[in-house]
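A.B. asks: Dropping a structure here in structure tokens format, bear with me for questions.
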Amino acid sequence: MNSTVIYNKSIATDVHFLLRLKWSEKKIPTPGQFVMVSVSDASTSLDPLLRRPFSVFDAGKGWIELLYRVVGRGTSLMSTLKKGDKVDVLGPLGKKFPTPKEKNKLIMVAGGIGIAPFYLLSKTLKNSKKDAVLFFGARTKVDARLSAPIKKLGIKVKVSTEDGSLGRAGYVTDAVLDFIEKDSVIYACGPMGMLKATAKLAKDAGVLCYVSLESSMACGIGVCLGCALKASEDVKKTKDKEYVLVCSEGPVFNSKDIEWEKL
Amino acid sequence: MNSTVIYNKSIATDVHFLLRLKWSEKKIPTPGQFVMVSVSDASTSLDPLLRRPFSVFDAGKGWIELLYRVVGRGTSLMSTLKKGDKVDVLGPLGKKFPTPKEKNKLIMVAGGIGIAPFYLLSKTLKNSKKDAVLFFGARTKVDARLSAPIKKLGIKVKVSTEDGSLGRAGYVTDAVLDFIEKDSVIYACGPMGMLKATAKLAKDAGVLCYVSLESSMACGIGVCLGCALKASEDVKKTKDKEYVLVCSEGPVFNSKDIEWEKL
Amino acid sequence: MGKVIKKSTKKTSTQLSVRLGTLELANPVITASGTFGYGLEFKAYMNIDNLGAIITKGLSLKPRKGNPGPRIVETPSGMINAIGLANIGVEAFINEKLPLLKKTKTKIIANIFGETVREYSELAKRLSDVEGVSALEINISCPNVKKGGMSFGTDPKEAARVVRAVRKATRLHVMTKLSPNVSDIKQMVRSVESAGTDSVSLINTIPAMAINAETKRPVLGNVMGGLSGPAIKPVALRMVYEAASVATVPLVGIGGITTAVDAIEFILAGASAVQIGTASFITPSASESVVSGLKEYVKKNGDIKKLIGALKV
Amino acid sequence: MGKVIKKSTKKTSTQLSVRLGTLELANPVITASGTFGYGLEFKAYMNIDNLGAIITKGLSLKPRKGNPGPRIVETPSGMINAIGLANIGVEAFINEKLPLLKKTKTKIIANIFGETVREYSELAKRLSDVEGVSALEINISCPNVKKGGMSFGTDPKEAARVVRAVRKATRLHVMTKLSPNVSDIKQMVRSVESAGTDSVSLINTIPAMAINAETKRPVLGNVMGGLSGPAIKPVALRMVYEAASVATVPLVGIGGITTAVDAIEFILAGASAVQIGTASFITPSASESVVSGLKEYVKKNGDIKKLIGALKV
Ligand SMILES: Cc1cc2nc3c(=O)[nH]c(=O)nc-3n(C[C@H](O)[C@H](O)[C@H](O)COP(=O)(O)OP(=O)(O)OC[C@H]3O[C@@H](n4cnc5c(N)ncnc54)[C@H](O)[C@@H]3O)c2cc1C
Ligand SMILES: Cc1cc2nc3c(=O)[nH]c(=O)nc-3n(C[C@H](O)[C@H](O)[C@H](O)COP(=O)(O)OP(=O)(O)OC[C@H]3O[C@@H](n4cnc5c(N)ncnc54)[C@H](O)[C@@H]3O)c2cc1C
Ligand SMILES: Cc1cc2nc3c(=O)[nH]c(=O)nc-3n(C[C@H](O)[C@H](O)[C@H](O)COP(=O)(O)O)c2cc1C
Ligand SMILES: Cc1cc2nc3c(=O)[nH]c(=O)nc-3n(C[C@H](O)[C@H](O)[C@H](O)COP(=O)(O)O)c2cc1C
Ligand code: FES
Ligand code: FES
């Protein structure tokens with residue numbers, strides 16, 4: 001779908017951007033879903049060729065918002081988008097975070113730009129909101145500002161920074177440990193290492209854990225089979241599947257379904 | 001050289017643009033020379049890959065100006081350049097128009113965007129200016145507006161339009177014919193068909209004729225040998241050359257040096 | 001008025017139809033194996049009835065899981081894939097996908113591959129028994145399997161063995177898909193022709209590799225993969241043109257086609273039809289757009305069949 | 001302080017030097033044949049002393065005019081050229097270019113091609129007689145000549161014949177440049193090795209074609225040409241990696257290299273040096289930038305020689 005840029009502004013740091021686009025698709029994105037963005041116009045350039053996947057950060061009537069970090073060619077090009085520019089977007093794609101049960105204490109664990117899908121999730125939380133907490137692992141206190149929008153929603157935010165410049169020093173997963181209760185349910189998104197540690201943590205504590213995963217994608221719609229990740233032994237046995245597709249079966253998975261050793 | 005855009009504005013029609021760039025090279029472009037423009041930034045896109053050649057339309061202290069028509073991918077990208085954007089430019093390249101002798105009556109013949117090199121040439125004309133005339137062949141009267149800047153310099157402008165909507169109807173070369181005198185010298189730039197006709201005209205009339213030619217270019221500096229055009233029998237015999245290089249031996253050639261039948 | 005319009009649409013539609021020997025297609029646009037799933041996935045994005053044909057993901061006798069990830073990586077104007085021919089297997093295809101798929105009026109072509117000649121012929125037999133499959137495309141050129149695959153694709157004699165076995169096993173139209181990884185594509189064309197193929201499609205992906213300079217590791221789990229997309233179009237065009245100089249059966253052009261103009265280039269070079277691959281990843285409805293573009297073209301310029309091999313050299 | 005800085009530069013410079021058998025280069029960056037003229041043209045844009053080596057435009061016994069235009073066309077992330085090996089001939093090179101060229105401290109490699117084995121060996125003899133040429137690169141792979149050229153490049157036996165003849169005719173370092181247009185690059189490497197080549201460079205351009213759908217004509221005057229530039233990098237990397245699995249002589253990687261990171265990828269795949277081709281058209285000083293980038297790299301990571309073939313698979 002050809003979409004018009006409403007704004008594209010840097011947020012928190014000069015490598016993080018918030019891109020708001022007009023949205024005329026009938027389907028409204030739900031928390032955890034993503035879109036695939038064409039960063040170049042094929043009539044003028046065939047490179048970069050493939051679309052880039054981004055979680056939906058926020059969505060409202062007639063618009064969606066993406067929060068992204070400039071890491072390479074595609075996101076550099078995106079950062080030059082201006083109000084009124086057109087950009088082709090495919091979506092919403094993938095499965096959403098399962099809606100947490102009322103009784104569950106929701107623990108969100110985000111690392112860096114992995115915070116993106118949690119804003120929309122937080123917004124949809126109702127009564128359970130008071131019990132929800134976001135553990136946010138950032139590199140520095142500057143990056144940590146990315147959690148401000150979620151804090152504003154009334155979610156408790158606990159920051160860890162790698163350099164100790166704000167909140168707890170060290171890995172975000174260390175902070176989570178003390179916090180897990182019996183009826184906790186963990187939702188995590190961030191770097192693979194963090195997700196792996198979170199999955200282990202959840203397993204050890206015996207609580208449910210959903211992770212939003214990344215993988216290289218070509219199509220985003222389940223046909224190229226490019227985004228496959230190894231499924232856990234469990235899935236292999238019960239469903240005779242060796243791989244799961246991040247784009248169509250995920251990006252949100254029960255952490256038990258993934259073979260963490262292979263990542 | 002990395003150059004900053006001073007402005008990039010449409011002129012006369014919505015497919016013609018005037019691009020002014022900062023110019024810090026020591027070499028100042030002379031009339032007939034060209035530059036090679038990188039339309040994409042290699043750190044974000046490798047397509048389009050090659051630079052695009054453009055005549056220098058005008059040059060002043062610390063800036064140059066290009067007049068271009070949007071025809072494809074590269075020029076489309078160029079048309080989105082905005083003040084302050086950076087663009088990589090190589091040049092000035094190629095040979096200039098020979099300075100016309102005082103006694104010569106200068107006849108400039110331009111077809112469409114082929115008018116580009118004649119502005120700078122016209123500007124450098126001194127006493128001879130009163131005798132210089134530009135024959136400008138345009139598709140329509142709207143395109144014909146491209147000749148206004150040259151008219152402002154005090155050059156006589158005679159327009160032909162293909163559709164007869166302004167000036168003489170038909171090919172520009174027909175208009176030139178009646179105008180040639182013994183001491184005329186013709187400078188021509190435009191589509192191949194027009195140049196071919198002009199060269200024939202000059203030959204028949206026995207007057208000197210210089211043409212500014214185009215050819216597909218990769219390097220613009222005489223090393224890829226990609227821009228070669230067939231040389232005339234004359235050149236072949238006297239210089240043992242079968243081809244001439246448009247970028248380094250041209251783009252301006254004596255029309256006698258080119259094998260027009262092969263174009 | 002309504003009638004007049006109908007007539008002109010009809011004219012356009014016959015002018016778009018092409019014939020690959022025994023196989024008649026409503027238009028020359030086919031979706032390439034491995035890039036269009038089993039066809040059904042695209043219903044959400046386009047009308048699959050508008051296509052000339054749909055080619056399935058490569059099918060093997062048994063389901064295959066595929067290669068460890070990463071399976072794809074982007075390259076300048078292209079991508080490398082090392083999916084490893086993951087597929088649900090021929091039985092699941094027949095039972096789960098075909099019943100739904102054959103509801104489209106678009107022709108269905110099953111892409112098949114085996115590790116032995118016998119596997120190819122068994123696949124051909126199995127797929128000839130069922131209704132809804134119009135043709136078989138023999139993939140002898142996939143670079144992503146350890147056994148078979150590539151060696152069939154680069155040795156004219158081995159290729160001919162496979163084609164002969166499939167030819168014997170089926171009455172369906174047999175299309176043979178060639179690998180670009182040969183010095184002399186003409187020799188391959190001649191060889192599979194004499195073995196009885198009804199048409200030849202080319203090219204499959206070009207063996208390729210990407211390296212991560214930081215980790216000092218290959219990017220792909222499988223180390224190597226196949227390059228596809230616009231980057232390979234100039235190579236594909238050349239091979240189709242070379243193949244056309246010797247082919248007596250119809251050719252199907254593949255490689256980097258994203259627009260109707262690209263398709264016309266392949267047709268001029270000698271292809272009777274084209275396949276759209278990687279482009280469907282970037283725009284799911286890319287193949288439908290190519291059909292629309294060709295429709296416009298024939299409205300202005302007349303029958304597409306006149307274009308086949310019409311390159312003026 | 002001055003001394004300290006000098007020392008560290010020295011360290012960097014030894015850490016950048018590589019050895020191709022008998023040929024020692026100050027750094028692994030070589031400019032590719034046909035993309036750097038005769039070297040002198042680039043003096044206006046960079047310091048050619050900073051390069052590892054310069055390879056001349058392909059030289060033949062007699063001057064060659066080349067193909068009719070258009071000779072080049074842009075393609076997605078690449079370009080096709082059909083220059084037709086236009087060159088001033090070996091005598092003019094020796095008399096007019098070499099005297100000026102040999103003033104640089106950069107090693108000069110003469111790229112040679114003939115239409116017969118004899119022509120190759122005569123060229124080799126002639127260039128061994130003169131001072132200033134450090135090595136010969138045998139081009140057996142240019143797709144742009146009607147005779148010779150390609151057939152030498154795709155037949156291992158023919159390739160070996162050429163190499164053997166050149167080997168006999170010279171005491172200079174012999175580098176053999178391979179065509180990508182083969183099914184099995186390993187076989188070609190083995191063959192030219194056993195014929196006595198001192199190093200192997202790869203790849204030359206990939207045979208390709210472009211068509212103008214509007215005029216219905218090939219874009220290039222010569223119909224076909226060779227594809228180069230970033231589009232072919234994934235194919236080139238794969239071939240270097242495959243070649244490295246069998247090669248006993250040093251390899252030189254070529255194909256779409258535009259940055260130091262690209263160069264490192266080829267070195268990891270097994271190349272001891274790299275050549276910069278098309279990139280010099282886009283930025284005349286591209287090769288110098290690759291040298292600078294590698295300099296930065298070794299400052300941080302130490303000797304470049306440790307990287308050669310260091311890919312972790
Ligand atoms: C489901 C999903 C949701 C995502 N949501 C967000 C988001 O909300 N905000 C955000 O900033 N980023 C998100 N990403 C990551 C984002 O897609 C990549 O950062 C982006 O594609 C990089 O493009 P590039 O051209 O700038 O980088 P490239 O130049 O392509 O690569 C730069 C670096 O990023 C890595 N990379 C490239 N593509 C991917 C990919 N698809 N997955 C993982 N790593 C990649 C490369 O290996 C390389 O190290 C998401 C990814 C997925 C799969
Ligand atoms: C010495 C020289 C001076 C020039 N001066 C000017 C100028 O002052 N203003 C201006 O508007 N244009 C000028 N041109 C033409 C200009 O270079 C092309 O219009 C431009 O390169 C097209 O780029 P594109 O990416 O938009 O088109 P593409 O998408 O590359 O192609 C669109 C069309 O333009 C043709 N084309 C592409 N490149 C060239 C080329 N190098 N020469 C001729 N035709 C080409 C293609 O065949 C195609 O038909 C000049 C060309 C040369 C060689
Ligand atoms: C992800 C992917 C999977 C593919 N799988 C198959 C396959 O199963 N069988 C096959 O014959 N070709 C397969 N191909 C090759 C394509 O059908 C096509 O030949 C190739 O991609 C070139 O066309 P393109 O440049 O339009 O993509 C695959 C290509 C891609 C990109
Ligand atoms: C315009 C042009 C001319 C070339 N001429 C020669 C040549 O004379 N001899 C040769 O061996 N290779 C020649 N090549 C091939 C290059 O040396 C190189 O192998 C190829 O371009 C791939 O590298 P690249 O992608 O970096 O350009 C030429 C390439 C180009 C683009
Ligand atoms: S990205 Fe294509 S299947 Fe997931
Ligand atoms: S453009 Fe390269 S020689 Fe003229």
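Ordering of the structure tokens sets the chain letters (A, B, ...); residue numbers start at 1 within each chain; ligands are numbered from 1 in the order shown.
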Pick out the residues sitting within 8 Å of stretch 110-114 of chain A, and hand them over as JSON, numbers by chain; count only C-alpha atoms, and ignore anything fewer than 5 positions along from it in its own chain.

C.D. replies: {"A": [67, 68, 69, 134, 135, 136, 137, 138, 139, 143, 172, 188, 189, 190, 191, 194]}

A.B. asks: Enumerate residues in contact with ligand 1: an atom-to-atom distance of at most 6 Å, counting only C-alpha atoms and all ligand atoms. Format the result as a list in words.

C.D. replies: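 Sorted by chain and then by number, the residues are Phe34, Arg52, Pro53, Phe54, Ser55, Leu67, Tyr68, Arg69, Val70, Val71, Gly72, Arg73, Gly74, Thr75, Ser76, Ile113, Ala116, Glu214, Ser215, Ser216, Met217 and Pro251 of chain A.
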
A.B. asks: With C-alpha atoms retained, write the just-selected residues as a JSON list (two decimals), in the first residue's frame.

C.D. replies:
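Generated file (again_34.json):
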[["chain", "number", "residue", "atom", "x", "y", "z"],
["A", 34, "PHE", "CA", 4.81, -5.74, 11.95],
["A", 52, "ARG", "CA", 12.49, -3.89, 5.73],
["A", 53, "PRO", "CA", 10.40, -5.27, 8.60],
["A", 54, "PHE", "CA", 9.35, -2.99, 11.49],
["A", 55, "SER", "CA", 7.10, -3.61, 14.46],
["A", 67, "LEU", "CA", 9.95, 3.42, 15.93],
["A", 68, "TYR", "CA", 13.23, 2.59, 14.27],
["A", 69, "ARG", "CA", 16.94, 2.77, 14.78],
["A", 70, "VAL", "CA", 19.27, 3.67, 11.91],
["A", 71, "VAL", "CA", 21.60, 0.70, 11.48],
["A", 72, "GLY", "CA", 22.28, 0.36, 7.75],
["A", 73, "ARG", "CA", 21.36, 1.37, 4.24],
["A", 74, "GLY", "CA", 17.60, 0.93, 4.44],
["A", 75, "THR", "CA", 17.10, 2.70, 7.73],
["A", 76, "SER", "CA", 19.46, 5.49, 6.59],
["A", 113, "ILE", "CA", 14.97, -0.94, 19.84],
["A", 116, "ALA", "CA", 9.06, -0.88, 19.73],
["A", 214, "GLU", "CA", 13.84, -11.26, 14.32],
["A", 215, "SER", "CA", 15.16, -13.03, 11.27],
["A", 216, "SER", "CA", 16.25, -12.00, 7.76],
["A", 217, "MET", "CA", 13.13, -11.68, 5.67],
["A", 251, "PRO", "CA", 7.18, -12.90, 15.13]]

A.B. asks: Of the candidates A:Ala202, A:Leu153, A:Val223, A:Val235, which shows the shortest atom-to-atom distance to ligand 5, using only C-alpha atoms and all ligand atoms?

C.D. replies: A:Val223

A.B. asks: Enumerate, as an MDAnalysis selection string, the complete set of residues in stretch 21-194 of chain B that a backbone-based DSSP assignment places in strand (DSSP E).

C.D. replies: chainID B and resid 21:22 34:38 52:55 58:60 63:69 86:93 105:111 133:138 156:161 168:169 184:189

A.B. asks: Would you output that residue set with C-alpha atoms, as a PDB file, in the first residue's frame?

C.D. replies:
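What ended up in out37.pdb:
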ATOM      1  CA  LEU B  21      25.754  23.664  -6.931  1.00  0.00           C
ATOM      2  CA  LYS B  22      28.575  25.051  -4.844  1.00  0.00           C
ATOM      3  CA  PHE B  34      30.509  18.855 -18.794  1.00  0.00           C
ATOM      4  CA  VAL B  35      30.422  17.287 -15.349  1.00  0.00           C
ATOM      5  CA  MET B  36      29.536  13.765 -14.178  1.00  0.00           C
ATOM      6  CA  VAL B  37      27.001  13.696 -11.345  1.00  0.00           C
ATOM      7  CA  SER B  38      26.537  10.844  -8.863  1.00  0.00           C
ATOM      8  CA  ARG B  52      25.267  10.985 -15.307  1.00  0.00           C
ATOM      9  CA  PRO B  53      26.891  13.507 -17.655  1.00  0.00           C
ATOM     10  CA  PHE B  54      25.543  17.078 -17.879  1.00  0.00           C
ATOM     11  CA  SER B  55      26.785  20.117 -19.757  1.00  0.00           C
ATOM     12  CA  ASP B  58      26.390  28.431 -16.282  1.00  0.00           C
ATOM     13  CA  ALA B  59      29.250  28.992 -13.857  1.00  0.00           C
ATOM     14  CA  GLY B  60      30.219  31.795 -11.544  1.00  0.00           C
ATOM     15  CA  TRP B  63      29.048  27.798  -8.167  1.00  0.00           C
ATOM     16  CA  ILE B  64      27.995  26.040 -11.321  1.00  0.00           C
ATOM     17  CA  GLU B  65      24.591  25.478 -12.823  1.00  0.00           C
ATOM     18  CA  LEU B  66      23.189  22.534 -14.754  1.00  0.00           C
ATOM     19  CA  LEU B  67      20.055  22.567 -16.857  1.00  0.00           C
ATOM     20  CA  TYR B  68      18.535  19.134 -17.157  1.00  0.00           C
ATOM     21  CA  ARG B  69      15.494  17.335 -18.389  1.00  0.00           C
ATOM     22  CA  LYS B  86      25.073  16.859  -1.006  1.00  0.00           C
ATOM     23  CA  VAL B  87      25.836  15.497  -4.416  1.00  0.00           C
ATOM     24  CA  ASP B  88      29.096  14.169  -5.792  1.00  0.00           C
ATOM     25  CA  VAL B  89      30.297  15.853  -8.971  1.00  0.00           C
ATOM     26  CA  LEU B  90      33.302  15.069 -11.152  1.00  0.00           C
ATOM     27  CA  GLY B  91      34.637  17.699 -13.504  1.00  0.00           C
ATOM     28  CA  PRO B  92      34.928  19.885 -15.415  1.00  0.00           C
ATOM     29  CA  LEU B  93      35.481  17.329 -18.144  1.00  0.00           C
ATOM     30  CA  LYS B 105      29.155  35.037 -37.546  1.00  0.00           C
ATOM     31  CA  LEU B 106      28.176  32.562 -34.888  1.00  0.00           C
ATOM     32  CA  ILE B 107      25.141  30.395 -35.533  1.00  0.00           C
ATOM     33  CA  MET B 108      24.129  28.305 -32.558  1.00  0.00           C
ATOM     34  CA  VAL B 109      21.747  25.474 -33.270  1.00  0.00           C
ATOM     35  CA  ALA B 110      20.099  23.802 -30.303  1.00  0.00           C
ATOM     36  CA  GLY B 111      17.464  21.107 -30.113  1.00  0.00           C
ATOM     37  CA  VAL B 133      22.097  33.942 -33.304  1.00  0.00           C
ATOM     38  CA  LEU B 134      20.569  30.942 -31.651  1.00  0.00           C
ATOM     39  CA  PHE B 135      18.260  28.706 -33.606  1.00  0.00           C
ATOM     40  CA  PHE B 136      16.272  26.787 -31.097  1.00  0.00           C
ATOM     41  CA  GLY B 137      14.182  23.796 -31.991  1.00  0.00           C
ATOM     42  CA  ALA B 138      11.618  22.894 -29.358  1.00  0.00           C
ATOM     43  CA  LYS B 156      19.007  36.836 -31.222  1.00  0.00           C
ATOM     44  CA  VAL B 157      16.837  33.775 -30.751  1.00  0.00           C
ATOM     45  CA  LYS B 158      14.882  32.147 -33.555  1.00  0.00           C
ATOM     46  CA  VAL B 159      12.508  29.487 -32.416  1.00  0.00           C
ATOM     47  CA  SER B 160      11.106  26.593 -34.385  1.00  0.00           C
ATOM     48  CA  THR B 161       8.560  24.282 -32.819  1.00  0.00           C
ATOM     49  CA  ARG B 168       8.557  28.589 -37.408  1.00  0.00           C
ATOM     50  CA  ALA B 169       6.931  25.160 -37.699  1.00  0.00           C
ATOM     51  CA  SER B 184      29.313  31.752 -40.593  1.00  0.00           C
ATOM     52  CA  VAL B 185      30.412  29.158 -38.100  1.00  0.00           C
ATOM     53  CA  ILE B 186      27.908  26.746 -36.677  1.00  0.00           C
ATOM     54  CA  TYR B 187      27.856  25.348 -33.128  1.00  0.00           C
ATOM     55  CA  ALA B 188      25.244  22.701 -32.606  1.00  0.00           C
ATOM     56  CA  CYS B 189      23.930  20.551 -29.766  1.00  0.00           C
TER      57      CYS B 189
END

A.B. asks: Which residues form the shell of 6 Å around ligand 4 when you count only C-alpha atoms and all ligand atoms, given as a list in words?

C.D. replies: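 Listed by chain and ascending number, the contacts are Cys224 of chain B; Ala32, Ser33, Gly34, Thr35, Lys57, Gly58, Asn81, Leu85, Asn139, Ile203, Asn204, Thr205, Ser228, Gly229, Ile254, Gly255, Gly256, Ile257, Ile276, Gly277 and Thr278 of chain D.
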
A.B. asks: To one decimal in Å, tell me the separation between atom CA of D:Gly39 and atom CA of D:Ala110.

C.D. replies: 11.1 Å

A.B. asks: With a cut-off of 7 Å and counting only C-alpha atoms, select all residues of chain B in contact with chain D and give the selection as a list in words.

C.D. replies: Leu46, Asp47, Pro48, Leu49, Leu50, Arg51, Ser216, Ala218, Cys219, Val223, Cys224, Leu225, Gly226, Cys227, Ala228, Leu229 and Glu242 of chain B

A.B. asks: How close does each residue of chain C get to chain D, giving the shortest atom pair and distance in Å to one decimal for every residue with an atom at most 7 Å away, counting only C-alpha atoms, sorted by chain and residue number, as JSON lines?

C.D. replies:
{"residue": "C:Pro76", "atom": "CA", "partner": "D:Ala231", "partner_atom": "CA", "distance": 5.4}
{"residue": "C:Ser77", "atom": "CA", "partner": "D:Ser77", "partner_atom": "CA", "distance": 5.9}
{"residue": "C:Thr154", "atom": "CA", "partner": "D:Ser183", "partner_atom": "CA", "distance": 6.4}
{"residue": "C:Asn181", "atom": "CA", "partner": "D:Ser183", "partner_atom": "CA", "distance": 5.0}
{"residue": "C:Val182", "atom": "CA", "partner": "D:Ser183", "partner_atom": "CA", "distance": 4.6}
{"residue": "C:Ser183", "atom": "CA", "partner": "D:Val182", "partner_atom": "CA", "distance": 4.6}
{"residue": "C:Pro207", "atom": "CA", "partner": "D:Val235", "partner_atom": "CA", "distance": 6.4}
{"residue": "C:Ala208", "atom": "CA", "partner": "D:Val235", "partner_atom": "CA", "distance": 4.4}
{"residue": "C:Met209", "atom": "CA", "partner": "D:Arg238", "partner_atom": "CA", "distance": 4.8}
{"residue": "C:Ala210", "atom": "CA", "partner": "D:Pro234", "partner_atom": "CA", "distance": 5.9}
{"residue": "C:Ile211", "atom": "CA", "partner": "D:Glu265", "partner_atom": "CA", "distance": 5.8}
{"residue": "C:Ala213", "atom": "CA", "partner": "D:Glu265", "partner_atom": "CA", "distance": 5.5}
{"residue": "C:Lys216", "atom": "CA", "partner": "D:Leu311", "partner_atom": "CA", "distance": 5.3}
{"residue": "C:Arg217", "atom": "CA", "partner": "D:Lys312", "partner_atom": "CA", "distance": 5.1}
{"residue": "C:Pro218", "atom": "CA", "partner": "D:Val313", "partner_atom": "CA", "distance": 6.6}
{"residue": "C:Pro230", "atom": "CA", "partner": "D:Pro76", "partner_atom": "CA", "distance": 6.0}
{"residue": "C:Ala231", "atom": "CA", "partner": "D:Ala231", "partner_atom": "CA", "distance": 5.1}
{"residue": "C:Pro234", "atom": "CA", "partner": "D:Ala208", "partner_atom": "CA", "distance": 4.9}
{"residue": "C:Val235", "atom": "CA", "partner": "D:Ala208", "partner_atom": "CA", "distance": 4.4}
{"residue": "C:Leu237", "atom": "CA", "partner": "D:Met209", "partner_atom": "CA", "distance": 6.0}
{"residue": "C:Arg238", "atom": "CA", "partner": "D:Met209", "partner_atom": "CA", "distance": 4.8}
{"residue": "C:Val261", "atom": "CA", "partner": "D:Ala213", "partner_atom": "CA", "distance": 6.5}
{"residue": "C:Ile264", "atom": "CA", "partner": "D:Ala213", "partner_atom": "CA", "distance": 6.3}
{"residue": "C:Glu265", "atom": "CA", "partner": "D:Ala213", "partner_atom": "CA", "distance": 5.5}
{"residue": "C:Leu268", "atom": "CA", "partner": "D:Lys216", "partner_atom": "CA", "distance": 7.0}
{"residue": "C:Leu311", "atom": "CA", "partner": "D:Lys216", "partner_atom": "CA", "distance": 5.3}
{"residue": "C:Lys312", "atom": "CA", "partner": "D:Arg217", "partner_atom": "CA", "distance": 5.1}
{"residue": "C:Val313", "atom": "CA", "partner": "D:Arg217", "partner_atom": "CA", "distance": 6.1}

A.B. asks: Would you put the residues from that selection into a file with C-alpha atoms, as a short mmCIF file (atom, residue, chain, number, x, y, z; two decimals), in the first residue's frame?

C.D. replies:
data_model
loop_
_atom_site.label_atom_id
_atom_site.label_comp_id
_atom_site.auth_asym_id
_atom_site.auth_seq_id
_atom_site.Cartn_x
_atom_site.Cartn_y
_atom_site.Cartn_z
CA PRO C 76 23.16 -5.18 -4.60
CA SER C 77 19.87 -5.24 -6.57
CA THR C 154 25.51 -28.82 -15.41
CA ASN C 181 26.06 -22.41 -14.20
CA VAL C 182 27.30 -23.77 -17.54
CA SER C 183 29.74 -22.53 -20.18
CA PRO C 207 25.45 -19.89 -7.32
CA ALA C 208 26.63 -17.13 -5.02
CA MET C 209 27.86 -16.30 -1.55
CA ALA C 210 27.91 -13.53 1.02
CA ILE C 211 30.40 -13.01 3.82
CA ALA C 213 33.44 -9.24 7.33
CA LYS C 216 34.33 -13.52 9.52
CA ARG C 217 31.58 -16.01 8.74
CA PRO C 218 29.46 -16.78 5.71
CA PRO C 230 17.27 -7.62 -11.05
CA ALA C 231 21.04 -8.05 -10.63
CA PRO C 234 21.41 -9.15 -17.94
CA VAL C 235 22.84 -12.66 -17.58
CA LEU C 237 18.60 -12.26 -21.04
CA ARG C 238 21.85 -13.28 -22.65
CA VAL C 261 9.11 -3.93 -20.03
CA ILE C 264 9.01 -7.78 -23.27
CA GLU C 265 12.81 -7.81 -23.35
CA LEU C 268 12.08 -10.21 -27.83
CA LEU C 311 14.80 -8.81 -31.69
CA LYS C 312 16.41 -6.97 -34.60
CA VAL C 313 20.10 -7.67 -34.51
#

A.B. asks: Give the answer as one residue: which of A:Gly32, A:Gly154, A:Gly250, A:Gly220 has the shortest atom-to-atom distance to ligand 5, using only C-alpha atoms and all ligand atoms?

C.D. replies: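 With only C-alpha atoms and all ligand atoms as the atom set, the closest residue is A:Gly220.
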
A.B. asks: Can you work out the spacing between atom CA of C:Lys97 and atom CA of C:Gly132 in Å, to one decimal?

C.D. replies: 10.7 Å

A.B. asks: I need the residues of stretch 72-186 of chain C that end up classed as helix (DSSP H, G or I) by DSSP on the backbone, written out as a VMD selection string.

C.D. replies: chain C and resid 90 to 101 117 to 128 150 to 154 156 to 169 185 to 186

A.B. asks: Which of these residues is nearest to ligand 2, using only C-alpha atoms and all ligand atoms: A:Ser10, A:Asn254, A:Gln33, A:Thr44?

C.D. replies: A:Thr44

A.B. asks: What lies within 12 Å of A:Lys123 using only C-alpha atoms, ignoring chain neighbours under 5 positions off, as number ranges by chain?

C.D. replies: A: 30-31, 57-60, 99, 117-118, 128-129, 132, 149-155

A.B. asks: Taking into account only C-alpha atoms, which residue in the set B:Ala12, B:Leu77, B:Ile28, B:Ser3 is nearest to chain A?

C.D. replies: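 Of all the options, B:Leu77 lies closest to chain A.
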
A.B. asks: Looking at only C-alpha atoms, which of A:Leu120, A:Ala42, A:Ala148, A:Ala205 is the one that sits closest to chain B?

C.D. replies: A:Ala42

A.B. asks: With only C-alpha atoms as the basis for distance, which of A:Lys9, A:Thr124, A:Asp131, A:Lys82 is at the shortest distance from chain B?

C.D. replies: A:Lys82

A.B. asks: Could you pull the residues within 10 Å of C:Lys295, counting only C-alpha atoms, minus those fewer than 2 positions along the same chain, as a list in words?

C.D. replies: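 Answer for this query is Thr9, Thr12, Ser13, Gln15, Leu16, Asn27, Ala260, Ser289, Val290, Val291, Ser292, Gly293, Tyr297, Val298, Lys299, Lys300, Asn301, Gly302, Asp303 and Ile304 of chain C.
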